[in-house]
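K.L.:
Pasting in a structure now, in structure tokens, and then I'll have a few things to ask.
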Amino acid sequence: MPPMEQTPDPLARFRTAAATREAAGLRRVLRARTPDDDGLIDLASNDYLGLARDERLVEAAVEATRAWGTGSTGSRLVTGSTALHARLEARLRAFTDARGALVFSSGYLANLAAVAALGRDALVVSEAGNHASIVDACRLSRSRVVVAPHRDTVAVEKALADRDEEHAIVVTDAIFSVDGDLAPLEELHAATVRQGALLIVDEAHSIGVVGARGQGAVHAAGLAAEPGVVRTITLSKSLGSQGGAVLGAPEVIQTLVDTGRSFIFDTGLAPGSVAAALAAVDILHHQPELPGLVRTRARELAAMARDLGLETGDPAGAVVPIVLGPPETALRAALVCAEHGVRAGCFRPPSVPVGRSCLRLTARANLSSDDLAVIRGALTAVAEMKVTM
């Protein structure tokens with residue numbers, strides 16, 4: 001009697017891949033935090049202005065939830081658009097000097113819609129340092145994609161000039177999510193104008209942080225009124241809420257309403273989150289000093305790291321990377337920070353290039369002088385750890 005064939009195990013490849021990632025120091029673990037952040041000073045979140053727990057946002061969210069319920073009940077084109085959504089879109093237009101605004105349930109989905117819909121049947125030129133949401137959006141566009149080296153406007157213009165496609169878009173982060181540096185927006189805009197292309201700028205890490213009033217990097221560069229510039233933003237970082245939006249010309253907004261799959265087929269943002277974002281924009285309007293405070297704190301963190309011999313950059317916003325090299329070193333440094341009272345972000349490949357694993361510190365406007373003293377102690381311990389490894 002012939003031996004019975006063994007049934008293939010459909011999960012074996014996942015276990016093998018997980019073991020490989022474990023050996024390379026690239027395994028990821030979910031860690032549930034407590035309401036008091038486990039007693040640690042938060043330098044890992046994106047709550048740049050310290051608004052996520054602000055009572056004004058909390059009360060706005062509670063009031064909206066009582067009035068509208070816990071969810072929006074449907075997609076934006078069915079029942080998911082409320083009067084609150086319309087108010088937020090109008091408020092975002094006014095705050096950023098945009099001609100149009102469209103709210104999404106996340107910044108990730110805003111990027112997917114903007115790049116995939118506007119980049120369809122066009123050349124897409126994407127900056128090498130762009131966020132994963134932009135990378136995914138480029139793939140969903142089904143168009144030819146050219147990846148330009150980091151902050152290389154010459155390469156961008158060459159790709160545009162050499163194209164066979166009639167249409168083209170250039171897409172870039174405003175502030176890059178790990179390195180914390182600023183894109184050369186004026187030069188990129190000039191190149192797109194010369195080459196008849198559209199410029200899409202992801203302001204996730206610059207809205208609420210860059211510019212005198214936190215109106216973002218595009219506004220600070222004097223490009224807010226330019227019809228060929230489209231902005232995507234998130235409501236979940238500086239604005240302390242949840243969701244995202246696209247800012248652009250009416251033609252852009254209508255195109256996304258008609259063809260943006262991540263808008264059409266997604267449930268609308270919950271009313272509580274919409275109301276919290278509205279409250280945050282109002283706070284920025286009445287407290288224009290907040291963006292300057294977070295930039296000051298970021299520069300202080302970077303100077304502190306440099307004084308200790310740690311590799312960092314010159315932050316354009318709230319993000320301050322400390323480059324440590326191997327993933328194991330970055331993991332150990334994050335643990336050392338926690339032991340000294342600080343929660344720090346730990347970024348490893350594929351989030352960063354091989355050999356560039358880092359701590360990503362994120363400044364907050366409400367960091368106190370006492371907080372800075374604790375942070376200095378944690379970074380001192382990281383510097384000492386690095387020397388002994």
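Naming scheme: A, B, ... for chains in displayed order of the structure tokens; residues 1 onward per chain; ligands 1 onward as shown.
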Can you tell me, as a ChimeraX atom specification, which residues in segment 214-367 of chain A count as helix (DSSP H, G or I) by DSSP?
P.N.:
/A:217-220,250-259,261-264,271-286,290-307,327-339
K.L.:
I need the residues of segment 109-327 of chain A that end up classed as strand (DSSP E or B) by DSSP on the backbone, written out as a PyMOL selection string.
P.N.:
chain A and resi 123-127+145-148+168-173+175+182+198-202+229-234+244-247+267+311+319-325
K.L.:
May I have the selected residues written with N, CA and C atoms, as a CSV table (one decimal), in the first residue's frame?
P.N.:
chain,number,residue,atom,x,y,z
A,123,LEU,N,2.9,59.7,-15.1
A,123,LEU,CA,4.1,59.3,-14.5
A,123,LEU,C,4.1,59.8,-13.0
A,124,VAL,N,4.5,58.9,-12.1
A,124,VAL,CA,4.5,59.3,-10.7
A,124,VAL,C,6.0,59.3,-10.3
A,125,VAL,N,6.4,60.4,-9.8
A,125,VAL,CA,7.8,60.6,-9.3
A,125,VAL,C,7.7,60.7,-7.8
A,126,SER,N,8.3,59.7,-7.1
A,126,SER,CA,8.2,59.6,-5.6
A,126,SER,C,9.5,59.8,-5.0
A,127,GLU,N,9.6,60.6,-4.0
A,127,GLU,CA,10.8,60.8,-3.2
A,127,GLU,C,11.2,59.5,-2.4
A,145,VAL,N,6.3,54.4,-12.0
A,145,VAL,CA,6.8,55.1,-10.9
A,145,VAL,C,8.3,55.2,-10.9
A,146,VAL,N,8.8,56.4,-10.8
A,146,VAL,CA,10.3,56.7,-10.7
A,146,VAL,C,10.5,57.2,-9.3
A,147,VAL,N,11.5,56.5,-8.6
A,147,VAL,CA,11.9,56.9,-7.2
A,147,VAL,C,13.1,57.8,-7.3
A,148,ALA,N,12.9,59.0,-6.9
A,148,ALA,CA,14.0,60.0,-6.9
A,148,ALA,C,14.8,60.0,-5.6
A,168,ALA,N,1.9,64.0,-15.3
A,168,ALA,CA,2.9,63.5,-14.2
A,168,ALA,C,2.5,64.2,-12.9
A,169,ILE,N,2.8,63.5,-11.8
A,169,ILE,CA,2.7,64.0,-10.5
A,169,ILE,C,4.1,63.8,-9.8
A,170,VAL,N,4.4,64.7,-8.9
A,170,VAL,CA,5.5,64.5,-8.0
A,170,VAL,C,5.0,64.4,-6.6
A,171,VAL,N,5.4,63.4,-5.8
A,171,VAL,CA,4.8,63.3,-4.4
A,171,VAL,C,6.0,63.2,-3.4
A,172,THR,N,5.8,64.0,-2.3
A,172,THR,CA,6.9,64.0,-1.3
A,172,THR,C,6.3,64.3,0.1
A,173,ASP,N,6.9,63.7,1.1
A,173,ASP,CA,6.6,64.2,2.4
A,173,ASP,C,7.1,65.6,2.6
A,175,ILE,N,7.8,67.1,5.9
A,175,ILE,CA,8.9,66.7,6.8
A,175,ILE,C,8.9,65.2,6.8
A,182,LEU,N,13.3,68.6,6.0
A,182,LEU,CA,12.3,69.3,5.3
A,182,LEU,C,12.6,69.1,3.8
A,198,LEU,N,1.8,68.0,-11.4
A,198,LEU,CA,1.2,68.2,-10.2
A,198,LEU,C,2.1,67.9,-9.0
A,199,LEU,N,2.1,68.7,-8.0
A,199,LEU,CA,2.9,68.4,-6.8
A,199,LEU,C,2.0,68.0,-5.6
A,200,ILE,N,2.2,66.8,-5.1
A,200,ILE,CA,1.4,66.4,-3.9
A,200,ILE,C,2.4,66.3,-2.7
A,201,VAL,N,2.0,67.0,-1.6
A,201,VAL,CA,2.9,67.1,-0.4
A,201,VAL,C,2.1,66.5,0.8
A,202,ASP,N,2.7,65.6,1.4
A,202,ASP,CA,2.2,65.0,2.6
A,202,ASP,C,2.6,65.8,3.8
A,229,VAL,N,-0.7,72.5,-6.5
A,229,VAL,CA,-0.2,71.9,-5.3
A,229,VAL,C,-1.3,71.3,-4.5
A,230,VAL,N,-1.2,70.0,-4.2
A,230,VAL,CA,-2.2,69.3,-3.4
A,230,VAL,C,-1.5,68.9,-2.1
A,231,ARG,N,-2.2,69.0,-1.0
A,231,ARG,CA,-1.7,68.7,0.4
A,231,ARG,C,-2.5,67.5,1.0
A,232,THR,N,-1.9,66.6,1.6
A,232,THR,CA,-2.5,65.6,2.5
A,232,THR,C,-2.1,65.9,3.9
A,233,ILE,N,-3.0,65.7,4.8
A,233,ILE,CA,-2.7,66.0,6.2
A,233,ILE,C,-3.3,64.8,7.1
A,234,THR,N,-2.8,64.7,8.3
A,234,THR,CA,-3.4,63.8,9.2
A,234,THR,C,-4.0,64.6,10.4
A,244,GLY,N,-7.8,62.0,8.5
A,244,GLY,CA,-6.9,62.8,7.6
A,244,GLY,C,-7.8,63.6,6.7
A,245,ALA,N,-7.1,64.3,5.8
A,245,ALA,CA,-7.8,65.2,4.8
A,245,ALA,C,-6.9,65.4,3.6
A,246,VAL,N,-7.5,65.7,2.5
A,246,VAL,CA,-6.8,66.2,1.3
A,246,VAL,C,-7.2,67.7,1.1
A,247,LEU,N,-6.2,68.5,0.9
A,247,LEU,CA,-6.5,70.0,0.6
A,247,LEU,C,-6.0,70.3,-0.8
A,267,THR,N,-15.9,53.8,5.6
A,267,THR,CA,-16.8,54.4,6.5
A,267,THR,C,-16.3,55.8,6.9
A,311,GLU,N,24.6,60.5,17.1
A,311,GLU,CA,24.4,61.0,15.7
A,311,GLU,C,22.9,61.4,15.6
A,319,VAL,N,10.4,65.9,14.9
A,319,VAL,CA,11.1,64.5,14.8
A,319,VAL,C,12.6,64.7,15.0
A,320,VAL,N,13.1,63.9,15.9
A,320,VAL,CA,14.6,64.0,16.2
A,320,VAL,C,15.1,62.5,16.2
A,321,PRO,N,15.8,62.1,15.1
A,321,PRO,CA,16.3,60.7,15.1
A,321,PRO,C,17.7,60.7,15.8
A,322,ILE,N,17.9,59.5,16.4
A,322,ILE,CA,19.3,59.2,17.0
A,322,ILE,C,19.7,57.9,16.3
A,323,VAL,N,20.6,58.0,15.4
A,323,VAL,CA,21.0,56.9,14.6
A,323,VAL,C,22.0,56.0,15.4
A,324,LEU,N,21.7,54.7,15.4
A,324,LEU,CA,22.5,53.8,16.3
A,324,LEU,C,23.1,52.6,15.5
A,325,GLY,N,22.6,52.4,14.3
A,325,GLY,CA,23.2,51.3,13.4
A,325,GLY,C,22.4,50.0,13.4
K.L.:
Give me the residues near Pro250 of chain A as a list in words, where near means some atom within 6 Å (using only C-alpha atoms) and where sequence neighbours in that chain fewer than 2 positions away do not count.
P.N.:
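The filter keeps Gly100, Val252 and Ile253 of chain A.
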K.L.:
For segment 363-378 of chain A, list every protein, DNA or RNA residue within 7 Å, evaluated using only C-alpha atoms, and leave out those in the same chain fewer than 3 positions away; present the list as a list in words.
P.N.:
Ile41, Leu43, Asp47, Tyr48, Leu49, Gly50, Leu290, Leu293, Val294, Arg297, Ala298, Met304, Ala318, Val319, Cys337, His340, Gly341, Val342, Ala381 and Val382 of chain A
K.L.:
How many Å separate atom CA of Gly240 of chain A from atom CA of Ala302 of chain A?
P.N.:
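Between these atoms lies a distance of 23.6 Å.
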